[in-house]
Amino acid sequence: MKKRNIPDPVPFVFNGKLKKSLAIAAAIGLIALLWGVFISQAPASRIWANLWINAHMFLFLGLGALFFWTVNVLGESTWQINIQRILESMSLTIPFAIILFVIAFPGMKDLFEWTHTDNLDRILQEKTGYLNIPFWMARFAFYFILWSFFAYYLRRISIRNDYHPNEKYLGKIRSTSGWFMVFFAISSSMAAWDWLMSIDAHWFSTLYGWYIFSSMFVASLAVIILITLAFKHFNILPNVNTEHLHDLGKYLFGFSIFWTYLWLSQYLLIWYSNIPEETIYYVERVNNFETLFYLNVIINFLFPFIALMTRNSKRQPIVLAIVAIIVLLGHYIDLYLAVIPGAVGHEHAKIGLLEIGLPFFYIALFLAIVFVFFEKAKPVPENHPYFIESSNYENI
Amino acid sequence: MKSIVYGHFTDEIDLLEAVKELQNKGIKIDDVRTPFPIHGLDNVLKLPRSRLPKLAFVAGAIGGAGGLLFQIWVFTKAWPLVIGGKPFLSIPSFIPVTFELTVLFAAFAMVIGFLVSSNLGPGSIPDILDEEVTNDHFQIVLSNINNTMPDTDLANALAATGALGVKNIKTEN
């Protein structure tokens, strides 16, 4: 095997400088929120909707990482072992997302029309069997408890293998991943109905769960790439090389196309059949959010499609970083388009300091949690049976 | 006259080591034949990058643009039809066909390009020195075209790397 000149790993320290910059970012987010609440005279629905969007983005990054980890375990792939601790740390943010969702609960009346139980039209009355607050809350708790359980349990097995290496842990992680995947397949779709599709409660789309899932996975991949690039840059993960970046780039490229496929499938069928109860969703968005609607497709499909097409661009850290940042922004816009037209309406919807500033708070919180958990464990699972194979990994 | 020296390995790690060993001795390797792709072998042999991706891009672009333009021509000029009350020029409904034609053209170009560039497919005469290569053996092929050494030295160098069944054959072409 070819020997590479691998520098010694630099231990990751979540130091004062890093904490300070994250605190500044969080402060920007809080100022934006305070500005939105007290100065901007924005309607309450716009503030709740922004909290709702950002809570989703926060959850999606962690949940996408947990999905990515388990899907690689089930596929018995080996290359990702070097970045596994990033995936683990990211998935451990899931329980914290509960708090961010609960913060937005007082705004449910503003976000969801179906919660106005005293004044429901016939369509919504017929949906009360599924869309009622007690059942909704029970499902909310159910998803979160199981997602958090899987994230913590898998992490615990993975850490235990560092100190008491045993082959049985590999099988345990694999079988747990299998159960998670079964649960995730159903819960990710249902969560998308509950939390996002029910904002436009009169409208429905059978593809919606998958569409949100694809958006989630691409956003999460973008963040995985950015954190991996940063850790590689500072030699925290010296074993991560161009081959691993190439694979992450392929994932980002492929799943951007997958997202477009689902976006078009949903749009095309509704556009073609032209049934008013279905088209209302797109009429609202195409007429009143025209720029964002087309921008969404351009920066989430055309841009990564062209920018990541060649092999060299996937192996260039700087190109990969730029694409990841822009695609992440693109999926924030995608989520914005999913929530705002239904919850706020085009009369009050704006992109102001609130929309631009608030995400900084959530990014800072997300990164702080990821860094805390990353610092706690060894930067790579050294005793994982596939570790050496992962370090020597090469694309053909 | 061409003189070919070849030897076999049963393990791809040994093969990679042998290739490096021969290269260190200044011997140029004609070809390595394996039943499946080996990680890192392309780099060691310093093979140029395949041109198939470029071919796929060009063919895909032709298929996509051609498919889209053809549909636009058919539905606006040649045979306009009202379908579901939509305008004649409805780009969204052209997208699936455009996509499929892009994939079709790119896939056909890749398959045909691959068959042509690796001398496979109907009518080709396979150049197999030993049928074990199609099963579980890895073969290194040397020849006097690229090397100035006498054949016996080549054979000895190859055998020294651990190759099994080193043979020397002479062909007319």
# chains A, B, ... in the order shown; residues from 1 in each chain; ligands from 1
>>> closest_atom_pairs(of="chain B", to="chain A", cutoff="9 Å", atoms="only C-alpha atoms", output="CSV")
residue,atom,partner,partner_atom,distance
B:Ile13,CA,A:Met1,CA,7.5
B:Leu16,CA,A:Met1,CA,7.9
B:Glu17,CA,A:Met1,CA,7.9
B:Pro37,CA,A:Ile396,CA,7.7
B:Ile38,CA,A:Ile396,CA,7.5
B:His39,CA,A:Ile396,CA,5.5
B:Gly40,CA,A:Glu394,CA,6.8
B:Leu41,CA,A:Ile396,CA,8.6
B:Asp42,CA,A:Ile396,CA,7.9
B:Pro53,CA,A:Thr310,CA,8.4
B:Gly84,CA,A:Tyr272,CA,7.6
B:Lys86,CA,A:Tyr272,CA,8.3
B:Pro92,CA,A:Leu268,CA,6.4
B:Ser93,CA,A:Leu268,CA,7.1
B:Ile95,CA,A:Leu264,CA,8.8
>>> write_last_selection(atoms="N, CA and C atoms", output="PDB file, in the first residue's frame")
ATOM      1  N   ILE B  13      -2.533  -7.392  -3.816  1.00  0.00           N
ATOM      2  CA  ILE B  13      -1.522  -6.642  -3.069  1.00  0.00           C
ATOM      3  C   ILE B  13      -0.136  -7.015  -3.601  1.00  0.00           C
ATOM      4  N   LEU B  16       0.469  -5.329  -6.908  1.00  0.00           N
ATOM      5  CA  LEU B  16       0.838  -3.916  -6.807  1.00  0.00           C
ATOM      6  C   LEU B  16       2.304  -3.771  -6.405  1.00  0.00           C
ATOM      7  N   GLU B  17       2.748  -4.605  -5.432  1.00  0.00           N
ATOM      8  CA  GLU B  17       4.141  -4.553  -4.987  1.00  0.00           C
ATOM      9  C   GLU B  17       5.073  -4.902  -6.149  1.00  0.00           C
ATOM     10  N   PRO B  37     -11.262  -4.374 -11.305  1.00  0.00           N
ATOM     11  CA  PRO B  37     -10.431  -3.191 -11.113  1.00  0.00           C
ATOM     12  C   PRO B  37      -9.713  -3.233  -9.770  1.00  0.00           C
ATOM     13  N   ILE B  38      -8.490  -2.747  -9.743  1.00  0.00           N
ATOM     14  CA  ILE B  38      -7.705  -2.744  -8.506  1.00  0.00           C
ATOM     15  C   ILE B  38      -7.464  -1.298  -8.077  1.00  0.00           C
ATOM     16  N   HIS B  39      -7.768  -1.023  -6.810  1.00  0.00           N
ATOM     17  CA  HIS B  39      -7.567   0.336  -6.297  1.00  0.00           C
ATOM     18  C   HIS B  39      -6.100   0.725  -6.374  1.00  0.00           C
ATOM     19  N   GLY B  40      -5.823   1.878  -6.931  1.00  0.00           N
ATOM     20  CA  GLY B  40      -4.465   2.410  -6.913  1.00  0.00           C
ATOM     21  C   GLY B  40      -3.595   1.951  -8.065  1.00  0.00           C
ATOM     22  N   LEU B  41      -4.069   0.979  -8.854  1.00  0.00           N
ATOM     23  CA  LEU B  41      -3.226   0.466  -9.937  1.00  0.00           C
ATOM     24  C   LEU B  41      -3.032   1.525 -11.030  1.00  0.00           C
ATOM     25  N   ASP B  42      -4.093   2.276 -11.325  1.00  0.00           N
ATOM     26  CA  ASP B  42      -4.002   3.312 -12.354  1.00  0.00           C
ATOM     27  C   ASP B  42      -2.914   4.328 -12.015  1.00  0.00           C
ATOM     28  N   PRO B  53     -15.726  10.206 -19.505  1.00  0.00           N
ATOM     29  CA  PRO B  53     -16.622  11.238 -18.949  1.00  0.00           C
ATOM     30  C   PRO B  53     -16.885  12.383 -19.914  1.00  0.00           C
ATOM     31  N   GLY B  84     -54.666  18.996 -22.485  1.00  0.00           N
ATOM     32  CA  GLY B  84     -55.069  19.424 -21.147  1.00  0.00           C
ATOM     33  C   GLY B  84     -55.190  20.923 -21.015  1.00  0.00           C
ATOM     34  N   LYS B  86     -53.248  23.166 -21.964  1.00  0.00           N
ATOM     35  CA  LYS B  86     -51.960  23.827 -21.726  1.00  0.00           C
ATOM     36  C   LYS B  86     -51.532  24.586 -22.974  1.00  0.00           C
ATOM     37  N   PRO B  92     -42.388  22.534 -18.764  1.00  0.00           N
ATOM     38  CA  PRO B  92     -42.380  21.467 -17.743  1.00  0.00           C
ATOM     39  C   PRO B  92     -42.712  20.095 -18.308  1.00  0.00           C
ATOM     40  N   SER B  93     -43.635  20.038 -19.268  1.00  0.00           N
ATOM     41  CA  SER B  93     -44.005  18.714 -19.776  1.00  0.00           C
ATOM     42  C   SER B  93     -42.927  18.153 -20.697  1.00  0.00           C
ATOM     43  N   ILE B  95     -39.716  18.292 -19.861  1.00  0.00           N
ATOM     44  CA  ILE B  95     -38.550  17.949 -19.049  1.00  0.00           C
ATOM     45  C   ILE B  95     -38.324  16.431 -18.930  1.00  0.00           C
TER      46      ILE B  95
END
>>> residues_around(residues="stretch 76-78 of chain B", least_positions_apart="2", cutoff="10 Å", atoms="only C-alpha atoms", output="PDB file with C-alpha atoms, in the first residue's frame")
ATOM      1  CA  PHE B  70     -37.228  18.572 -31.142  1.00  0.00           C
ATOM      2  CA  GLN B  71     -40.170  18.695 -28.763  1.00  0.00           C
ATOM      3  CA  ILE B  72     -40.373  22.474 -29.023  1.00  0.00           C
ATOM      4  CA  TRP B  73     -40.362  22.189 -32.820  1.00  0.00           C
ATOM      5  CA  VAL B  74     -42.989  19.437 -32.859  1.00  0.00           C
ATOM      6  CA  PRO B  80     -49.375  21.754 -32.434  1.00  0.00           C
ATOM      7  CA  LEU B  81     -51.805  19.924 -30.155  1.00  0.00           C
ATOM      8  CA  PRO B  87     -50.124  26.276 -24.006  1.00  0.00           C
ATOM      9  CA  PHE B  88     -48.283  24.753 -26.971  1.00  0.00           C
ATOM     10  CA  LEU B  89     -44.932  25.620 -25.496  1.00  0.00           C
ATOM     11  CA  SER B  90     -45.115  24.012 -22.036  1.00  0.00           C
TER      12      SER B  90
END
>>> closest_residue(among="A:Pro7, A:Gly29, A:Gly342, A:Pro385", to="A:Tyr362", atoms="only C-alpha atoms")
A:Gly29
>>> residues_around(residues="A:Glu113", least_positions_apart="2", cutoff="8 Å", atoms="only C-alpha atoms", output="ChimeraX atom specification")
/A:109-111,115-116,199-201
>>> residues_around(residues="stretch 148-161 of chain A", least_positions_apart="6", cutoff="10 Å", atoms="only C-alpha atoms", output="mmCIF file with N, CA and C atoms, in the first residue's frame")
data_model
loop_
_atom_site.group_PDB
_atom_site.id
_atom_site.type_symbol
_atom_site.label_atom_id
_atom_site.label_comp_id
_atom_site.auth_asym_id
_atom_site.auth_seq_id
_atom_site.Cartn_x
_atom_site.Cartn_y
_atom_site.Cartn_z
ATOM 1 N N GLY A 62 -28.916 17.609 12.119
ATOM 2 C CA GLY A 62 -28.573 16.481 12.974
ATOM 3 C C GLY A 62 -29.179 15.186 12.484
ATOM 4 N N LEU A 63 -30.437 15.236 12.099
ATOM 5 C CA LEU A 63 -31.140 14.026 11.664
ATOM 6 C C LEU A 63 -30.539 13.498 10.364
ATOM 7 N N ALA A 65 -27.461 13.801 9.478
ATOM 8 C CA ALA A 65 -26.178 13.171 9.805
ATOM 9 C C ALA A 65 -26.395 11.778 10.369
ATOM 10 N N LEU A 66 -27.425 11.626 11.223
ATOM 11 C CA LEU A 66 -27.722 10.305 11.784
ATOM 12 C C LEU A 66 -28.124 9.340 10.660
ATOM 13 N N PHE A 67 -28.908 9.847 9.711
ATOM 14 C CA PHE A 67 -29.294 9.021 8.562
ATOM 15 C C PHE A 67 -28.063 8.619 7.760
ATOM 16 N N TRP A 69 -24.978 8.380 8.705
ATOM 17 C CA TRP A 69 -24.161 7.415 9.443
ATOM 18 C C TRP A 69 -24.766 6.023 9.346
ATOM 19 N N THR A 70 -26.068 5.910 9.663
ATOM 20 C CA THR A 70 -26.672 4.588 9.696
ATOM 21 C C THR A 70 -26.751 3.975 8.301
ATOM 22 N N GLN A 84 -16.602 9.661 11.037
ATOM 23 C CA GLN A 84 -17.776 9.174 11.785
ATOM 24 C C GLN A 84 -18.044 9.999 13.035
ATOM 25 N N ARG A 85 -16.986 10.460 13.689
ATOM 26 C CA ARG A 85 -17.205 11.209 14.935
ATOM 27 C C ARG A 85 -17.909 12.542 14.657
ATOM 28 N N LEU A 87 -20.231 12.831 12.309
ATOM 29 C CA LEU A 87 -21.629 12.422 12.144
ATOM 30 C C LEU A 87 -22.265 12.172 13.502
ATOM 31 N N GLU A 88 -21.500 11.495 14.397
ATOM 32 C CA GLU A 88 -22.039 11.209 15.725
ATOM 33 C C GLU A 88 -22.347 12.495 16.470
ATOM 34 N N SER A 89 -21.381 13.420 16.458
ATOM 35 C CA SER A 89 -21.582 14.668 17.204
ATOM 36 C C SER A 89 -22.761 15.436 16.644
ATOM 37 N N MET A 90 -22.891 15.420 15.311
ATOM 38 C CA MET A 90 -24.016 16.146 14.710
ATOM 39 C C MET A 90 -25.341 15.511 15.098
ATOM 40 N N SER A 91 -25.376 14.165 15.132
ATOM 41 C CA SER A 91 -26.665 13.521 15.430
ATOM 42 C C SER A 91 -27.049 13.731 16.895
ATOM 43 N N LEU A 92 -26.069 14.019 17.747
ATOM 44 C CA LEU A 92 -26.407 14.246 19.159
ATOM 45 C C LEU A 92 -27.089 15.589 19.390
ATOM 46 N N THR A 93 -27.204 16.409 18.335
ATOM 47 C CA THR A 93 -27.935 17.671 18.509
ATOM 48 C C THR A 93 -29.442 17.462 18.468
ATOM 49 N N ILE A 94 -29.890 16.257 18.072
ATOM 50 C CA ILE A 94 -31.338 16.033 17.912
ATOM 51 C C ILE A 94 -32.120 16.358 19.192
ATOM 52 N N PRO A 95 -31.688 15.866 20.384
ATOM 53 C CA PRO A 95 -32.485 16.177 21.573
ATOM 54 C C PRO A 95 -32.597 17.679 21.841
ATOM 55 N N PHE A 96 -31.558 18.442 21.469
ATOM 56 C CA PHE A 96 -31.611 19.882 21.725
ATOM 57 C C PHE A 96 -32.621 20.570 20.822
ATOM 58 N N ALA A 97 -32.889 19.940 19.686
ATOM 59 C CA ALA A 97 -33.873 20.526 18.777
ATOM 60 C C ALA A 97 -35.258 20.553 19.418
ATOM 61 N N ILE A 98 -35.505 19.606 20.374
ATOM 62 C CA ILE A 98 -36.819 19.591 21.045
ATOM 63 C C ILE A 98 -37.089 20.961 21.659
ATOM 64 N N GLU A 167 -15.787 -7.252 18.790
ATOM 65 C CA GLU A 167 -16.474 -7.372 17.498
ATOM 66 C C GLU A 167 -17.986 -7.274 17.626
ATOM 67 N N LYS A 168 -18.510 -7.632 18.801
ATOM 68 C CA LYS A 168 -19.972 -7.654 18.931
ATOM 69 C C LYS A 168 -20.559 -6.254 18.777
ATOM 70 N N TYR A 169 -19.758 -5.210 19.061
ATOM 71 C CA TYR A 169 -20.286 -3.847 18.951
ATOM 72 C C TYR A 169 -20.627 -3.504 17.506
ATOM 73 N N LEU A 170 -19.813 -4.039 16.587
ATOM 74 C CA LEU A 170 -20.067 -3.767 15.169
ATOM 75 C C LEU A 170 -21.451 -4.291 14.775
ATOM 76 N N LYS A 172 -23.896 -4.892 16.812
ATOM 77 C CA LYS A 172 -24.917 -4.165 17.571
ATOM 78 C C LYS A 172 -25.255 -2.847 16.867
ATOM 79 N N ILE A 173 -24.202 -2.152 16.410
ATOM 80 C CA ILE A 173 -24.442 -0.896 15.692
ATOM 81 C C ILE A 173 -25.239 -1.179 14.429
ATOM 82 N N ARG A 174 -24.913 -2.287 13.760
ATOM 83 C CA ARG A 174 -25.582 -2.581 12.500
ATOM 84 C C ARG A 174 -27.065 -2.875 12.731
ATOM 85 N N THR A 176 -28.939 -2.010 15.293
ATOM 86 C CA THR A 176 -29.635 -0.799 15.747
ATOM 87 C C THR A 176 -29.889 0.133 14.575
ATOM 88 N N SER A 177 -28.892 0.240 13.671
ATOM 89 C CA SER A 177 -29.062 1.092 12.494
ATOM 90 C C SER A 177 -30.230 0.617 11.653
ATOM 91 N N TRP A 179 -32.953 -0.944 12.694
ATOM 92 C CA TRP A 179 -34.215 -0.539 13.326
ATOM 93 C C TRP A 179 -34.451 0.950 13.150
ATOM 94 N N PHE A 180 -33.359 1.720 13.282
ATOM 95 C CA PHE A 180 -33.522 3.161 13.095
ATOM 96 C C PHE A 180 -34.029 3.460 11.693
ATOM 97 N N LYS A 376 -15.363 15.599 23.453
ATOM 98 C CA LYS A 376 -15.480 14.589 24.512
ATOM 99 C C LYS A 376 -14.854 13.260 24.121
ATOM 100 N N ALA A 377 -14.926 12.918 22.840
ATOM 101 C CA ALA A 377 -14.486 11.582 22.421
ATOM 102 C C ALA A 377 -13.211 11.693 21.600
ATOM 103 N N LYS A 378 -12.629 10.527 21.291
ATOM 104 C CA LYS A 378 -11.472 10.532 20.391
ATOM 105 C C LYS A 378 -11.925 11.019 19.014
ATOM 106 N N PRO A 381 -12.722 6.893 15.557
ATOM 107 C CA PRO A 381 -12.894 5.617 16.267
ATOM 108 C C PRO A 381 -11.754 4.679 15.918
ATOM 109 N N GLU A 382 -10.645 4.779 16.662
ATOM 110 C CA GLU A 382 -9.404 4.083 16.283
ATOM 111 C C GLU A 382 -9.548 2.572 16.289
ATOM 112 N N ASN A 383 -10.407 2.064 17.175
ATOM 113 C CA ASN A 383 -10.506 0.609 17.285
ATOM 114 C C ASN A 383 -11.592 0.020 16.416
ATOM 115 N N HIS A 384 -12.184 0.853 15.585
ATOM 116 C CA HIS A 384 -13.186 0.321 14.666
ATOM 117 C C HIS A 384 -12.484 -0.593 13.669
ATOM 118 N N PRO A 385 -13.042 -1.791 13.424
ATOM 119 C CA PRO A 385 -12.339 -2.731 12.528
ATOM 120 C C PRO A 385 -12.070 -2.172 11.132
#
>>> residues_around(residues="A:Val10", least_positions_apart="3", cutoff="9 Å", atoms="only C-alpha atoms", output="ChimeraX atom specification")
/A:7,13,234-238
>>> write_last_selection(atoms="N, CA and C atoms", output="PDB file, in the first residue's frame")
ATOM      1  N   PRO A   7       0.502  14.037   8.628  1.00  0.00           N
ATOM      2  CA  PRO A   7       0.969  14.757   9.812  1.00  0.00           C
ATOM      3  C   PRO A   7       0.291  14.221  11.068  1.00  0.00           C
ATOM      4  N   VAL A  13      -9.540  21.239  20.481  1.00  0.00           N
ATOM      5  CA  VAL A  13      -9.881  21.911  21.735  1.00  0.00           C
ATOM      6  C   VAL A  13     -10.919  22.972  21.421  1.00  0.00           C
ATOM      7  N   PHE A 234      -7.307  22.050   9.750  1.00  0.00           N
ATOM      8  CA  PHE A 234      -6.547  22.250  10.978  1.00  0.00           C
ATOM      9  C   PHE A 234      -5.896  20.963  11.472  1.00  0.00           C
ATOM     10  N   ASN A 235      -5.828  19.954  10.583  1.00  0.00           N
ATOM     11  CA  ASN A 235      -5.156  18.692  10.920  1.00  0.00           C
ATOM     12  C   ASN A 235      -5.756  17.965  12.099  1.00  0.00           C
ATOM     13  N   ILE A 236      -7.016  18.251  12.416  1.00  0.00           N
ATOM     14  CA  ILE A 236      -7.667  17.493  13.490  1.00  0.00           C
ATOM     15  C   ILE A 236      -7.974  16.090  12.991  1.00  0.00           C
ATOM     16  N   LEU A 237      -8.286  15.973  11.710  1.00  0.00           N
ATOM     17  CA  LEU A 237      -8.517  14.657  11.101  1.00  0.00           C
ATOM     18  C   LEU A 237      -7.538  14.485   9.936  1.00  0.00           C
ATOM     19  N   PRO A 238      -6.249  14.230  10.229  1.00  0.00           N
ATOM     20  CA  PRO A 238      -5.271  14.193   9.137  1.00  0.00           C
ATOM     21  C   PRO A 238      -5.472  13.021   8.183  1.00  0.00           C
TER      22      PRO A 238
END
>>> select_by_dssp(residues="stretch 27-80 of chain A", states="alpha helix (DSSP H)", output="NGL selection string")
:A and (27-34 or 44-74)
>>> write_last_selection(atoms="N, CA and C atoms", output="mmCIF file, in the first residue's frame")
data_model
loop_
_atom_site.group_PDB
_atom_site.id
_atom_site.type_symbol
_atom_site.label_atom_id
_atom_site.label_comp_id
_atom_site.auth_asym_id
_atom_site.auth_seq_id
_atom_site.Cartn_x
_atom_site.Cartn_y
_atom_site.Cartn_z
ATOM 1 N N ALA A 27 -25.096 36.077 19.425
ATOM 2 C CA ALA A 27 -25.591 37.401 19.805
ATOM 3 C C ALA A 27 -26.238 38.092 18.614
ATOM 4 N N ILE A 28 -25.631 37.946 17.428
ATOM 5 C CA ILE A 28 -26.232 38.536 16.224
ATOM 6 C C ILE A 28 -27.639 37.991 16.029
ATOM 7 N N GLY A 29 -27.762 36.668 16.193
ATOM 8 C CA GLY A 29 -29.066 36.038 16.025
ATOM 9 C C GLY A 29 -30.077 36.567 17.029
ATOM 10 N N LEU A 30 -29.649 36.704 18.288
ATOM 11 C CA LEU A 30 -30.575 37.174 19.325
ATOM 12 C C LEU A 30 -30.973 38.628 19.078
ATOM 13 N N ILE A 31 -29.993 39.441 18.635
ATOM 14 C CA ILE A 31 -30.322 40.843 18.337
ATOM 15 C C ILE A 31 -31.351 40.902 17.224
ATOM 16 N N ALA A 32 -31.141 40.043 16.202
ATOM 17 C CA ALA A 32 -32.106 40.022 15.097
ATOM 18 C C ALA A 32 -33.489 39.648 15.601
ATOM 19 N N LEU A 33 -33.528 38.686 16.539
ATOM 20 C CA LEU A 33 -34.821 38.257 17.080
ATOM 21 C C LEU A 33 -35.464 39.393 17.873
ATOM 22 N N LEU A 34 -34.649 40.043 18.721
ATOM 23 C CA LEU A 34 -35.187 41.146 19.530
ATOM 24 C C LEU A 34 -35.660 42.276 18.629
ATOM 25 N N ALA A 44 -46.931 38.776 14.422
ATOM 26 C CA ALA A 44 -46.453 37.667 15.256
ATOM 27 C C ALA A 44 -46.176 36.429 14.415
ATOM 28 N N SER A 45 -47.011 36.225 13.381
ATOM 29 C CA SER A 45 -46.851 35.003 12.597
ATOM 30 C C SER A 45 -45.480 34.951 11.932
ATOM 31 N N ARG A 46 -44.947 36.137 11.548
ATOM 32 C CA ARG A 46 -43.650 36.120 10.879
ATOM 33 C C ARG A 46 -42.553 35.695 11.859
ATOM 34 N N ILE A 47 -42.655 36.138 13.112
ATOM 35 C CA ILE A 47 -41.634 35.758 14.090
ATOM 36 C C ILE A 47 -41.724 34.278 14.416
ATOM 37 N N TRP A 48 -42.952 33.794 14.652
ATOM 38 C CA TRP A 48 -43.108 32.362 14.945
ATOM 39 C C TRP A 48 -42.648 31.521 13.759
ATOM 40 N N ALA A 49 -42.981 31.956 12.552
ATOM 41 C CA ALA A 49 -42.601 31.182 11.373
ATOM 42 C C ALA A 49 -41.090 31.096 11.251
ATOM 43 N N ASN A 50 -40.398 32.192 11.582
ATOM 44 C CA ASN A 50 -38.942 32.149 11.504
ATOM 45 C C ASN A 50 -38.351 31.218 12.544
ATOM 46 N N LEU A 51 -38.921 31.250 13.754
ATOM 47 C CA LEU A 51 -38.448 30.310 14.775
ATOM 48 C C LEU A 51 -38.695 28.872 14.317
ATOM 49 N N TRP A 52 -39.824 28.672 13.679
ATOM 50 C CA TRP A 52 -40.217 27.343 13.207
ATOM 51 C C TRP A 52 -39.256 26.853 12.123
ATOM 52 N N ILE A 53 -38.959 27.734 11.148
ATOM 53 C CA ILE A 53 -38.035 27.364 10.065
ATOM 54 C C ILE A 53 -36.669 26.994 10.622
ATOM 55 N N ASN A 54 -36.170 27.837 11.519
ATOM 56 C CA ASN A 54 -34.811 27.609 12.016
ATOM 57 C C ASN A 54 -34.733 26.378 12.906
ATOM 58 N N ALA A 55 -35.797 26.123 13.668
ATOM 59 C CA ALA A 55 -35.810 24.892 14.460
ATOM 60 C C ALA A 55 -35.735 23.680 13.541
ATOM 61 N N HIS A 56 -36.449 23.744 12.409
ATOM 62 C CA HIS A 56 -36.399 22.641 11.453
ATOM 63 C C HIS A 56 -35.008 22.477 10.872
ATOM 64 N N MET A 57 -34.405 23.593 10.477
ATOM 65 C CA MET A 57 -33.068 23.510 9.881
ATOM 66 C C MET A 57 -32.111 22.882 10.884
ATOM 67 N N PHE A 58 -32.231 23.290 12.139
ATOM 68 C CA PHE A 58 -31.373 22.759 13.202
ATOM 69 C C PHE A 58 -31.559 21.256 13.325
ATOM 70 N N LEU A 59 -32.812 20.825 13.356
ATOM 71 C CA LEU A 59 -33.090 19.389 13.477
ATOM 72 C C LEU A 59 -32.594 18.638 12.249
ATOM 73 N N PHE A 60 -32.842 19.217 11.065
ATOM 74 C CA PHE A 60 -32.524 18.518 9.821
ATOM 75 C C PHE A 60 -31.036 18.207 9.720
ATOM 76 N N LEU A 61 -30.193 19.144 10.172
ATOM 77 C CA LEU A 61 -28.755 18.907 10.066
ATOM 78 C C LEU A 61 -28.360 17.691 10.897
ATOM 79 N N GLY A 62 -28.916 17.609 12.119
ATOM 80 C CA GLY A 62 -28.573 16.481 12.974
ATOM 81 C C GLY A 62 -29.179 15.186 12.484
ATOM 82 N N LEU A 63 -30.437 15.236 12.099
ATOM 83 C CA LEU A 63 -31.140 14.026 11.664
ATOM 84 C C LEU A 63 -30.539 13.498 10.364
ATOM 85 N N GLY A 64 -30.165 14.409 9.485
ATOM 86 C CA GLY A 64 -29.528 14.000 8.232
ATOM 87 C C GLY A 64 -28.207 13.303 8.492
ATOM 88 N N ALA A 65 -27.461 13.801 9.478
ATOM 89 C CA ALA A 65 -26.178 13.171 9.805
ATOM 90 C C ALA A 65 -26.395 11.778 10.369
ATOM 91 N N LEU A 66 -27.425 11.626 11.223
ATOM 92 C CA LEU A 66 -27.722 10.305 11.784
ATOM 93 C C LEU A 66 -28.124 9.340 10.660
ATOM 94 N N PHE A 67 -28.908 9.847 9.711
ATOM 95 C CA PHE A 67 -29.294 9.021 8.562
ATOM 96 C C PHE A 67 -28.063 8.619 7.760
ATOM 97 N N PHE A 68 -27.191 9.582 7.518
ATOM 98 C CA PHE A 68 -25.991 9.315 6.723
ATOM 99 C C PHE A 68 -25.116 8.257 7.391
ATOM 100 N N TRP A 69 -24.978 8.380 8.705
ATOM 101 C CA TRP A 69 -24.161 7.415 9.443
ATOM 102 C C TRP A 69 -24.766 6.023 9.346
ATOM 103 N N THR A 70 -26.068 5.910 9.663
ATOM 104 C CA THR A 70 -26.672 4.588 9.696
ATOM 105 C C THR A 70 -26.751 3.975 8.301
ATOM 106 N N VAL A 71 -26.966 4.801 7.289
ATOM 107 C CA VAL A 71 -27.072 4.228 5.950
ATOM 108 C C VAL A 71 -25.707 3.701 5.515
ATOM 109 N N ASN A 72 -24.635 4.349 5.962
ATOM 110 C CA ASN A 72 -23.300 3.842 5.655
ATOM 111 C C ASN A 72 -22.998 2.572 6.427
ATOM 112 N N VAL A 73 -23.489 2.502 7.662
ATOM 113 C CA VAL A 73 -23.293 1.274 8.442
ATOM 114 C C VAL A 73 -24.006 0.118 7.759
ATOM 115 N N LEU A 74 -25.253 0.359 7.343
ATOM 116 C CA LEU A 74 -26.028 -0.717 6.723
ATOM 117 C C LEU A 74 -25.442 -1.115 5.382
#
>>> atom_distance(atom1="atom CA of A:Pro359", atom2="atom CA of A:Trp259")
22.4 Å
>>> residues_around(residues="stretch 162-169 of chain B", least_positions_apart="3", cutoff="10 Å", atoms="only C-alpha atoms", output="MDAnalysis selection string")
chainID B and resid 2:10 14:15 17:18 129 137:143 151:152 154:159
>>> write_last_selection(atoms="C-alpha atoms", output="mmCIF file, in the first residue's frame")
data_model
loop_
_atom_site.group_PDB
_atom_site.id
_atom_site.type_symbol
_atom_site.label_atom_id
_atom_site.label_comp_id
_atom_site.auth_asym_id
_atom_site.auth_seq_id
_atom_site.Cartn_x
_atom_site.Cartn_y
_atom_site.Cartn_z
ATOM 1 C CA LYS B 2 7.497 -8.986 -30.712
ATOM 2 C CA SER B 3 8.473 -10.979 -27.693
ATOM 3 C CA ILE B 4 6.121 -11.111 -24.723
ATOM 4 C CA VAL B 5 6.963 -12.099 -21.175
ATOM 5 C CA TYR B 6 4.156 -12.573 -18.685
ATOM 6 C CA GLY B 7 3.614 -13.926 -15.188
ATOM 7 C CA HIS B 8 0.724 -14.434 -12.834
ATOM 8 C CA PHE B 9 -0.226 -13.416 -9.292
ATOM 9 C CA THR B 10 -3.058 -14.653 -7.153
ATOM 10 C CA ASP B 14 1.369 -8.798 -4.349
ATOM 11 C CA LEU B 15 0.644 -7.566 -7.850
ATOM 12 C CA GLU B 17 4.141 -4.553 -4.987
ATOM 13 C CA ALA B 18 5.529 -6.389 -8.026
ATOM 14 C CA LEU B 129 -2.660 -14.758 -23.238
ATOM 15 C CA HIS B 137 -5.350 -14.549 -11.676
ATOM 16 C CA PHE B 138 -3.643 -11.188 -12.123
ATOM 17 C CA GLN B 139 -1.196 -10.894 -14.985
ATOM 18 C CA ILE B 140 1.736 -8.591 -15.678
ATOM 19 C CA VAL B 141 2.735 -8.346 -19.339
ATOM 20 C CA LEU B 142 6.174 -7.142 -20.437
ATOM 21 C CA SER B 143 7.566 -6.950 -23.955
ATOM 22 C CA ASP B 151 13.898 -11.618 -22.713
ATOM 23 C CA THR B 152 15.613 -13.882 -20.200
ATOM 24 C CA LEU B 154 12.840 -9.689 -18.169
ATOM 25 C CA ALA B 155 11.608 -13.158 -17.239
ATOM 26 C CA ASN B 156 14.077 -13.378 -14.342
ATOM 27 C CA ALA B 157 13.103 -9.938 -13.048
ATOM 28 C CA LEU B 158 9.446 -10.892 -13.221
ATOM 29 C CA ALA B 159 10.037 -14.224 -11.484
#
